$ cat structure.pdb   # PDB, C-alpha atoms and all ligand atoms
ATOM      1  CA  MET A   1      62.460 149.925  50.080
ATOM      2  CA  GLU A   2      61.088 146.345  50.088
ATOM      3  CA  LEU A   3      62.731 144.110  47.550
ATOM      4  CA  VAL A   4      60.196 142.605  45.205
ATOM      5  CA  THR A   5      61.177 138.970  44.840
ATOM      6  CA  ASP A   6      59.621 135.564  44.650
ATOM      7  CA  LYS A   7      62.628 134.113  46.432
ATOM      8  CA  MET A   8      61.746 133.676  50.050
ATOM      9  CA  LEU A   9      64.857 131.875  51.071
ATOM     10  CA  THR A  10      68.310 131.272  49.615
ATOM     11  CA  LEU A  11      71.133 129.267  51.169
ATOM     12  CA  LYS A  12      74.518 129.562  49.496
ATOM     13  CA  ASN A  13      77.139 127.008  50.449
ATOM     14  CA  LEU A  14      75.906 126.935  54.055
ATOM     15  CA  THR A  15      78.480 125.239  56.252
ATOM     16  CA  MET A  16      78.565 124.779  60.006
ATOM     17  CA  ASP A  17      81.040 123.152  62.384
ATOM     18  CA  TYR A  18      80.420 122.221  65.989
ATOM     19  CA  GLY A  19      83.638 121.760  67.961
ATOM     20  CA  GLY A  20      85.597 120.753  64.872
ATOM     21  CA  LYS A  21      82.845 118.458  63.593
ATOM     22  CA  ARG A  22      81.211 119.436  60.271
ATOM     23  CA  VAL A  23      77.431 119.245  60.610
ATOM     24  CA  LEU A  24      76.412 121.227  57.502
ATOM     25  CA  ASN A  25      78.565 120.784  54.442
ATOM     26  CA  GLY A  26      77.807 123.297  51.686
ATOM     27  CA  VAL A  27      74.018 123.352  51.565
ATOM     28  CA  ASN A  28      72.575 125.238  48.571
ATOM     29  CA  LEU A  29      68.902 125.959  48.364
ATOM     30  CA  GLU A  30      66.437 128.358  46.781
ATOM     31  CA  VAL A  31      62.849 128.445  47.975
ATOM     32  CA  SER A  32      60.117 130.393  46.209
ATOM     33  CA  LYS A  33      56.888 131.855  47.472
ATOM     34  CA  GLY A  34      54.024 129.417  48.102
ATOM     35  CA  GLN A  35      56.152 126.280  48.364
ATOM     36  CA  ILE A  36      55.770 123.726  51.124
ATOM     37  CA  ILE A  37      59.228 122.282  51.627
ATOM     38  CA  GLY A  38      59.461 118.934  53.385
ATOM     39  CA  TYR A  39      62.907 119.033  55.011
ATOM     40  CA  ILE A  40      63.792 115.481  55.975
ATOM     41  CA  GLY A  41      66.812 113.440  56.970
ATOM     42  CA  PRO A  42      68.104 110.973  59.551
ATOM     43  CA  ASN A  43      68.601 111.986  63.195
ATOM     44  CA  GLY A  44      71.582 114.297  63.457
ATOM     45  CA  ALA A  45      71.619 115.160  59.715
ATOM     46  CA  GLY A  46      71.594 118.902  60.444
ATOM     47  CA  LYS A  47      67.945 119.866  59.895
ATOM     48  CA  SER A  48      67.420 121.775  63.154
ATOM     49  CA  THR A  49      70.820 123.424  62.775
ATOM     50  CA  THR A  50      69.779 124.740  59.333
ATOM     51  CA  VAL A  51      66.519 126.099  60.724
ATOM     52  CA  LYS A  52      68.214 127.707  63.742
ATOM     53  CA  ILE A  53      70.686 129.465  61.435
ATOM     54  CA  MET A  54      67.819 130.818  59.310
ATOM     55  CA  LEU A  55      66.066 132.040  62.455
ATOM     56  CA  GLY A  56      69.197 133.948  63.449
ATOM     57  CA  LEU A  57      69.722 131.785  66.554
ATOM     58  CA  ILE A  58      73.150 130.542  65.410
ATOM     59  CA  GLU A  59      75.610 133.023  63.915
ATOM     60  CA  ASN A  60      78.999 131.345  63.548
ATOM     61  CA  TYR A  61      78.214 129.638  60.242
ATOM     62  CA  GLN A  62      79.926 129.958  56.866
ATOM     63  CA  GLY A  63      78.171 130.700  53.597
ATOM     64  CA  GLU A  64      75.211 132.989  52.997
ATOM     65  CA  VAL A  65      71.603 133.029  54.110
ATOM     66  CA  GLU A  66      69.166 135.333  52.362
ATOM     67  CA  ILE A  67      65.622 135.675  53.610
ATOM     68  CA  PHE A  68      63.133 137.764  51.612
ATOM     69  CA  GLY A  69      66.068 138.621  49.333
ATOM     70  CA  LYS A  70      68.323 140.076  52.039
ATOM     71  CA  ASN A  71      71.413 138.624  53.665
ATOM     72  CA  ILE A  72      70.515 138.043  57.325
ATOM     73  CA  ALA A  73      74.117 138.694  58.378
ATOM     74  CA  ALA A  74      73.728 142.329  57.277
ATOM     75  CA  GLY A  75      72.321 143.046  60.727
ATOM     76  CA  ASP A  76      68.731 144.036  59.946
ATOM     77  CA  PRO A  77      66.512 141.802  62.130
ATOM     78  CA  SER A  78      63.216 143.100  60.653
ATOM     79  CA  TYR A  79      62.822 139.864  58.637
ATOM     80  CA  LYS A  80      62.031 138.087  61.915
ATOM     81  CA  LYS A  81      58.671 139.872  62.073
ATOM     82  CA  ARG A  82      57.631 138.115  58.882
ATOM     83  CA  ILE A  83      58.585 134.622  60.013
ATOM     84  CA  GLY A  84      56.847 132.161  62.317
ATOM     85  CA  TYR A  85      58.405 129.202  64.096
ATOM     86  CA  VAL A  86      57.119 126.060  65.760
ATOM     87  CA  PRO A  87      60.053 124.740  67.788
ATOM     88  CA  GLU A  88      60.585 121.066  68.565
ATOM     89  CA  ASN A  89      59.824 121.866  72.187
ATOM     90  CA  ALA A  90      59.169 124.983  74.210
ATOM     91  CA  GLU A  91      59.426 123.676  77.740
ATOM     92  CA  ALA A  92      61.131 126.866  78.857
ATOM     93  CA  TYR A  93      57.721 128.554  78.873
ATOM     94  CA  ASP A  94      55.885 125.938  80.935
ATOM     95  CA  ASN A  95      55.322 128.304  83.848
ATOM     96  CA  LEU A  96      53.351 130.767  81.737
ATOM     97  CA  THR A  97      49.657 130.456  81.007
ATOM     98  CA  ALA A  98      48.679 130.001  77.355
ATOM     99  CA  SER A  99      47.445 133.587  77.279
ATOM    100  CA  GLU A 100      50.665 134.960  78.807
ATOM    101  CA  TYR A 101      52.793 132.955  76.385
ATOM    102  CA  LEU A 102      50.818 133.995  73.315
ATOM    103  CA  LEU A 103      50.652 137.664  74.294
ATOM    104  CA  PHE A 104      54.387 137.611  75.010
ATOM    105  CA  THR A 105      54.949 136.256  71.496
ATOM    106  CA  ALA A 106      52.584 138.873  70.056
ATOM    107  CA  GLU A 107      54.561 141.613  71.795
ATOM    108  CA  LEU A 108      57.817 140.304  70.302
ATOM    109  CA  TYR A 109      56.211 140.624  66.889
ATOM    110  CA  GLY A 110      55.156 144.180  67.700
ATOM    111  CA  MET A 111      51.416 143.466  67.587
ATOM    112  CA  ASP A 112      48.894 145.821  69.138
ATOM    113  CA  ARG A 113      47.910 144.426  72.572
ATOM    114  CA  LYS A 114      44.135 144.666  72.200
ATOM    115  CA  TYR A 115      44.144 143.209  68.697
ATOM    116  CA  ALA A 116      46.424 140.390  69.908
ATOM    117  CA  GLU A 117      44.158 139.590  72.881
ATOM    118  CA  GLU A 118      41.146 139.274  70.613
ATOM    119  CA  LYS A 119      43.013 137.171  68.069
ATOM    120  CA  VAL A 120      44.445 134.860  70.751
ATOM    121  CA  LEU A 121      40.972 134.222  72.166
ATOM    122  CA  LYS A 122      39.512 133.549  68.716
ATOM    123  CA  LEU A 123      42.303 131.197  67.635
ATOM    124  CA  MET A 124      42.318 129.315  70.963
ATOM    125  CA  THR A 125      38.552 128.902  70.708
ATOM    126  CA  GLU A 126      38.862 127.567  67.138
ATOM    127  CA  PHE A 127      41.212 124.881  68.510
ATOM    128  CA  ASP A 128      38.730 124.058  71.339
ATOM    129  CA  LEU A 129      41.088 125.580  73.886
ATOM    130  CA  GLY A 130      39.059 128.622  74.923
ATOM    131  CA  HIS A 131      38.591 127.122  78.397
ATOM    132  CA  ALA A 132      42.359 126.687  78.850
ATOM    133  CA  LEU A 133      43.423 130.250  78.039
ATOM    134  CA  HIS A 134      44.474 131.020  81.615
ATOM    135  CA  MET A 135      45.869 127.599  82.491
ATOM    136  CA  ARG A 136      49.602 127.108  82.821
ATOM    137  CA  LEU A 137      51.248 125.342  79.894
ATOM    138  CA  SER A 138      52.746 122.849  82.376
ATOM    139  CA  SER A 139      49.213 121.507  82.926
ATOM    140  CA  PHE A 140      48.513 121.097  79.185
ATOM    141  CA  SER A 141      48.568 117.724  77.425
ATOM    142  CA  LYS A 142      51.177 117.318  74.669
ATOM    143  CA  GLY A 143      48.624 117.936  71.905
ATOM    144  CA  MET A 144      47.160 121.002  73.666
ATOM    145  CA  LYS A 145      50.634 122.472  74.002
ATOM    146  CA  GLN A 146      51.356 121.772  70.360
ATOM    147  CA  LYS A 147      48.229 123.682  69.328
ATOM    148  CA  VAL A 148      49.403 126.681  71.378
ATOM    149  CA  LEU A 149      52.792 126.559  69.622
ATOM    150  CA  ILE A 150      51.061 126.479  66.249
ATOM    151  CA  ILE A 151      48.890 129.477  67.198
ATOM    152  CA  SER A 152      51.956 131.359  68.416
ATOM    153  CA  SER A 153      53.722 130.790  65.095
ATOM    154  CA  LEU A 154      50.770 132.152  63.115
ATOM    155  CA  LEU A 155      49.503 135.003  65.317
ATOM    156  CA  HIS A 156      51.210 137.703  63.247
ATOM    157  CA  ASP A 157      50.264 136.149  59.872
ATOM    158  CA  PRO A 158      53.880 135.484  58.799
ATOM    159  CA  ASP A 159      55.021 135.069  55.192
ATOM    160  CA  LEU A 160      57.498 132.309  55.997
ATOM    161  CA  LEU A 161      56.839 129.532  58.466
ATOM    162  CA  PHE A 162      59.374 127.132  59.969
ATOM    163  CA  LEU A 163      57.802 124.038  61.468
ATOM    164  CA  ASP A 164      59.790 121.465  63.404
ATOM    165  CA  GLU A 165      57.707 118.293  63.876
ATOM    166  CA  PRO A 166      54.567 120.472  64.150
ATOM    167  CA  LEU A 167      52.022 117.681  64.429
ATOM    168  CA  SER A 168      53.695 115.729  67.183
ATOM    169  CA  GLY A 169      51.185 114.683  69.821
ATOM    170  CA  LEU A 170      48.136 115.789  67.833
ATOM    171  CA  ASP A 171      45.187 113.437  67.389
ATOM    172  CA  ALA A 172      44.094 112.384  63.894
ATOM    173  CA  ASN A 173      41.316 115.002  63.681
ATOM    174  CA  SER A 174      43.549 117.872  64.756
ATOM    175  CA  MET A 175      46.247 116.699  62.341
ATOM    176  CA  MET A 176      43.797 116.933  59.458
ATOM    177  CA  VAL A 177      42.802 120.462  60.418
ATOM    178  CA  ILE A 178      46.404 121.650  60.716
ATOM    179  CA  GLN A 179      47.437 120.009  57.443
ATOM    180  CA  GLU A 180      44.551 121.734  55.715
ATOM    181  CA  ILE A 181      45.516 125.071  57.318
ATOM    182  CA  LEU A 182      49.049 124.683  55.938
ATOM    183  CA  VAL A 183      47.794 123.829  52.456
ATOM    184  CA  GLN A 184      45.457 126.848  52.484
ATOM    185  CA  LEU A 185      48.220 129.174  53.724
ATOM    186  CA  ALA A 186      50.552 127.964  50.951
ATOM    187  CA  ALA A 187      47.797 128.467  48.364
ATOM    188  CA  GLN A 188      47.650 132.081  49.545
ATOM    189  CA  GLY A 189      51.367 132.546  48.929
ATOM    190  CA  LYS A 190      52.811 131.725  52.341
ATOM    191  CA  THR A 191      55.992 129.665  52.299
ATOM    192  CA  ILE A 192      56.359 126.723  54.649
ATOM    193  CA  PHE A 193      59.529 124.930  55.676
ATOM    194  CA  TYR A 194      58.369 121.694  57.234
ATOM    195  CA  SER A 195      60.746 119.397  59.096
ATOM    196  CA  SER A 196      59.399 116.035  60.211
ATOM    197  CA  HIS A 197      60.103 112.331  60.528
ATOM    198  CA  ILE A 198      56.509 111.365  59.732
ATOM    199  CA  MET A 199      57.078 110.419  56.110
ATOM    200  CA  ASP A 200      53.500 109.859  54.986
ATOM    201  CA  LEU A 201      52.583 113.383  56.125
ATOM    202  CA  VAL A 202      55.590 114.905  54.392
ATOM    203  CA  GLU A 203      54.694 112.947  51.253
ATOM    204  CA  LYS A 204      51.140 114.233  51.344
ATOM    205  CA  ILE A 205      51.740 117.870  52.135
ATOM    206  CA  SER A 206      55.023 118.894  50.458
ATOM    207  CA  SER A 207      55.307 120.475  47.046
ATOM    208  CA  ARG A 208      59.033 119.798  47.250
ATOM    209  CA  ILE A 209      61.070 117.426  49.398
ATOM    210  CA  ILE A 210      64.673 117.986  50.416
ATOM    211  CA  LEU A 211      66.625 115.100  51.890
ATOM    212  CA  LEU A 212      69.623 116.007  54.019
ATOM    213  CA  VAL A 213      72.161 113.312  54.946
ATOM    214  CA  LYS A 214      75.248 114.117  57.035
ATOM    215  CA  GLY A 215      74.881 117.816  56.341
ATOM    216  CA  GLU A 216      74.514 117.459  52.564
ATOM    217  CA  VAL A 217      71.474 117.646  50.282
ATOM    218  CA  VAL A 218      71.221 114.240  48.584
ATOM    219  CA  ALA A 219      67.786 114.665  46.988
ATOM    220  CA  ASP A 220      65.694 117.702  46.080
ATOM    221  CA  GLY A 221      62.449 117.506  44.133
ATOM    222  CA  SER A 222      58.757 116.731  44.168
ATOM    223  CA  PHE A 223      57.653 113.362  45.546
ATOM    224  CA  GLN A 224      57.197 112.152  41.956
ATOM    225  CA  GLU A 225      60.739 113.247  41.070
ATOM    226  CA  LEU A 226      62.125 111.421  44.111
ATOM    227  CA  GLN A 227      60.212 108.323  43.081
ATOM    228  CA  GLU A 228      61.888 108.475  39.680
ATOM    229  CA  MET A 229      65.329 108.621  41.357
ATOM    230  CA  SER A 230      64.734 105.415  43.278
ATOM    231  CA  GLU A 231      63.177 102.000  42.971
ATOM    232  CA  GLU A 232      60.879 102.202  45.934
ATOM    233  CA  GLY A 233      57.309 103.408  46.378
ATOM    234  CA  THR A 234      56.501 105.330  49.544
ATOM    235  CA  LEU A 235      58.548 108.237  50.851
ATOM    236  CA  ALA A 236      59.550 106.110  53.863
ATOM    237  CA  GLU A 237      60.937 103.465  51.481
ATOM    238  CA  ILE A 238      62.678 106.079  49.341
ATOM    239  CA  PHE A 239      64.140 107.543  52.553
ATOM    240  CA  ASN A 240      65.484 104.100  53.567
ATOM    241  CA  GLN A 241      66.973 103.591  50.148
ATOM    242  CA  LEU A 242      68.557 107.026  49.689
ATOM    243  CA  THR A 243      70.047 106.922  53.178
ATOM    244  CA  GLY A 244      71.441 103.445  52.473
ATOM    245  CA  PHE A 245      69.445 101.843  55.262
ATOM    246  CA  THR A 246      68.534  98.270  54.416
ATOM    247  CA  ASP A 247      69.099  96.229  57.538
ATOM    248  CA  HIS A 248      66.252  97.189  59.883
ATOM    249  CA  LYS A 249      65.308  93.529  60.450
ATOM    250  CA  ASN A 250      68.844  92.512  61.473
ATOM    251  CA  ARG A 251      69.153  95.505  63.757
ATOM    252  CA  ALA A 252      65.827  94.722  65.405
ATOM    253  CA  GLU A 253      66.748  91.044  65.853
ATOM    254  CA  LYS A 254      70.040  91.952  67.479
ATOM    255  CA  PHE A 255      68.348  94.437  69.821
ATOM    256  CA  VAL A 256      65.660  91.953  70.847
ATOM    257  CA  SER A 257      68.265  89.250  71.441
ATOM    258  CA  ILE A 258      70.186  91.573  73.791
ATOM    259  CA  VAL A 259      66.949  92.459  75.630
ATOM    260  CA  GLN A 260      66.340  88.743  76.122
ATOM    261  CA  GLU A 261      69.901  87.714  77.015
ATOM    262  CA  GLU A 262      70.157  85.558  80.125
ATOM    263  CA  ASN A 263      72.424  86.880  82.834
ATOM    264  CA  ALA A 264      75.465  84.606  82.504
ATOM    265  CA  ASN A 265      76.671  85.758  85.956
ATOM    266  CA  ALA A 266      73.467  84.803  87.777
TER     267      ALA A 266
HETATM  268  N1  LIG A 301      74.763 122.856  70.414
HETATM  269  C1  LIG A 301      75.433 121.860  69.830
HETATM  270  N2  LIG A 301      76.685 121.554  70.175
HETATM  271  C2  LIG A 301      77.379 120.573  69.561
HETATM  272  N3  LIG A 301      76.883 119.796  68.587
HETATM  273  C3  LIG A 301      75.616 120.042  68.197
HETATM  274  C4  LIG A 301      74.822 121.075  68.788
HETATM  275  N4  LIG A 301      73.599 121.063  68.201
HETATM  276  C5  LIG A 301      73.628 120.083  67.292
HETATM  277  N5  LIG A 301      74.839 119.473  67.277
HETATM  278  C6  LIG A 301      75.258 118.365  66.402
HETATM  279  O1  LIG A 301      74.969 118.730  65.073
HETATM  280  C7  LIG A 301      74.511 117.610  64.337
HETATM  281  C8  LIG A 301      73.181 117.975  63.675
HETATM  282  O2  LIG A 301      72.202 118.168  64.679
HETATM  283  P1  LIG A 301      70.719 118.667  64.325
HETATM  284  O3  LIG A 301      69.998 118.890  65.619
HETATM  285  O4  LIG A 301      70.809 119.798  63.374
HETATM  286  O5  LIG A 301      70.158 117.379  63.574
HETATM  287  P2  LIG A 301      68.679 117.065  63.078
HETATM  288  O6  LIG A 301      68.794 116.678  61.644
HETATM  289  O7  LIG A 301      67.751 118.167  63.409
HETATM  290  O8  LIG A 301      68.356 115.754  63.933
HETATM  291  P3  LIG A 301      66.972 115.170  64.556
HETATM  292  O9  LIG A 301      66.249 114.565  63.405
HETATM  293  O10 LIG A 301      67.484 114.111  65.499
HETATM  294  O11 LIG A 301      66.243 116.281  65.249
HETATM  295  C9  LIG A 301      74.420 116.440  65.323
HETATM  296  O12 LIG A 301      75.584 115.665  65.165
HETATM  297  C10 LIG A 301      74.420 117.094  66.681
HETATM  298  O13 LIG A 301      75.072 116.293  67.638
END
$ encode --input "structure.pdb" --output "structure tokens"
Amino acid sequence: MELVTDKMLTLKNLTMDYGGKRVLNGVNLEVSKGQIIGYIGPNGAGKSTTVKIMLGLIENYQGEVEIFGKNIAAGDPSYKKRIGYVPENAEAYDNLTASEYLLFTAELYGMDRKYAEEKVLKLMTEFDLGHALHMRLSSFSKGMKQKVLIISSLLHDPDLLFLDEPLSGLDANSMMVIQEILVQLAAQGKTIFYSSHIMDLVEKISSRIILLVKGEVVADGSFQELQEMSEEGTLAEIFNQLTGFTDHKNRAEKFVSIVQEENANA
């Protein structure tokens, strides 16, 4: 029996160590249907690790992960059919054509082959990639590849979407289309977990922003709520402030001075 719940995602005291180093330190989180979560944090904060755990790609964590109201450690992988994922990169599939890659994904999600073929063609055409259906991904530009990854994450109309830097490499027009797609999907009750370093996009699109620093949640709220917690205006400025980063000028000066150092041994 399907559990009827508005809770799409719950993390309880999620903790993860890599070779004795703690990378997630007791993350607690509850995400409801229809939310767009902006999951942000400095490089190495643990964002991708969190997402990989939720996708079932990493198992040796501590704490609990519930997706669609069920603990994923219970061994029932059926939740994976209701989730979509745009990975940071998918170079492993470069030798496949777009069509082969997308139909392979469709098969993993248990989609009917004929229905999937038609849907792939329609979605590729909508992204102006109809002509590239049978080209190898290795010959695609970065933005073209990114569009294929976005299509692959949405082919099976998932209820929960994990996006890792989904707009990287996309031109301004394509970015607007994809942002609008995400907003429309959320309005229809889909839940989106959006991890990115592009702060103005996160600010614009997220209904809730979670800031992770050194494996711990240090801020969790709407953009307006985050603004109230800090003195600064834009999300990028709030990010700098909440991560205690105030010396970008000094760091840049030092870097430039090293670049320009004369060779004392010459
Ligand atoms: N397979 C691994 N083996 C060992 N350490 C790892 C592994 N994967 C990640 N880590 C470590 O875990 C920490 C968190 O990494 P993670 O990729 O989750 O960060 P992130 O917040 O996604 O960073 P970024 O913004 O740079 O993508 C880092 O210190 C990283 O070195």
$ closest_residue --input "structure.pdb" --among "A:Gly63, A:Pro77, A:Gly56, A:Gly143" --to "A:Leu167" --atoms "all atoms listed in the file"
A:Gly143
$ residues_around --input "structure.pdb" --residues "A:Gln224" --least-positions-apart "4" --cutoff "10 Å" --atoms "all atoms listed in the file" --output "PyMOL selection string"
chain A and resi 203+207-209+228-229+233+235
$ residues_near_point --input "structure.pdb" --point "(52.8, 135.9, 76.7)" --cutoff "12 Å" --atoms "all atoms listed in the file" --output "ChimeraX atom specification"
/A:93-109,111,113,116-117,120,133-134,136-137,148-149,152,155
$ atom_distance --input "structure.pdb" --atom1 "atom CA of A:Gly26" --atom2 "atom CA of A:Ile40"
16.6 Å
$ resolve_selection --input "structure.pdb" --expression "the PyMOL selection byres (((not hetatm)) within 8 of (chain A and resi 301))" --output "list in words"
Asp17, Tyr18, Gly19, Lys21, Arg22, Val23, Leu24, Ile40, Gly41, Pro42, Asn43, Gly44, Ala45, Gly46, Lys47, Ser48, Thr49, Thr50, Ser196, His197, Leu212, Lys214 and Gly215 of chain A
$ atom_distance --input "structure.pdb" --atom1 "atom CA of A:Thr234" --atom2 "atom CA of A:Ile198"
11.8 Å
$ atom_distance --input "structure.pdb" --atom1 "atom CA of A:Leu29" --atom2 "atom CA of A:Leu55"
15.6 Å
$ residues_around --input "structure.pdb" --residues "A:Lys70" --least-positions-apart "4" --cutoff "9 Å" --atoms "only C-alpha atoms" --output "ChimeraX atom specification"
/A:3,9,65-66,74,76,79
$ closest_residue --input "structure.pdb" --among "A:Asn265, A:Ser222, A:Asn173, A:Thr10" --to "A:Asn28" --atoms "all atoms listed in the file"
A:Thr10
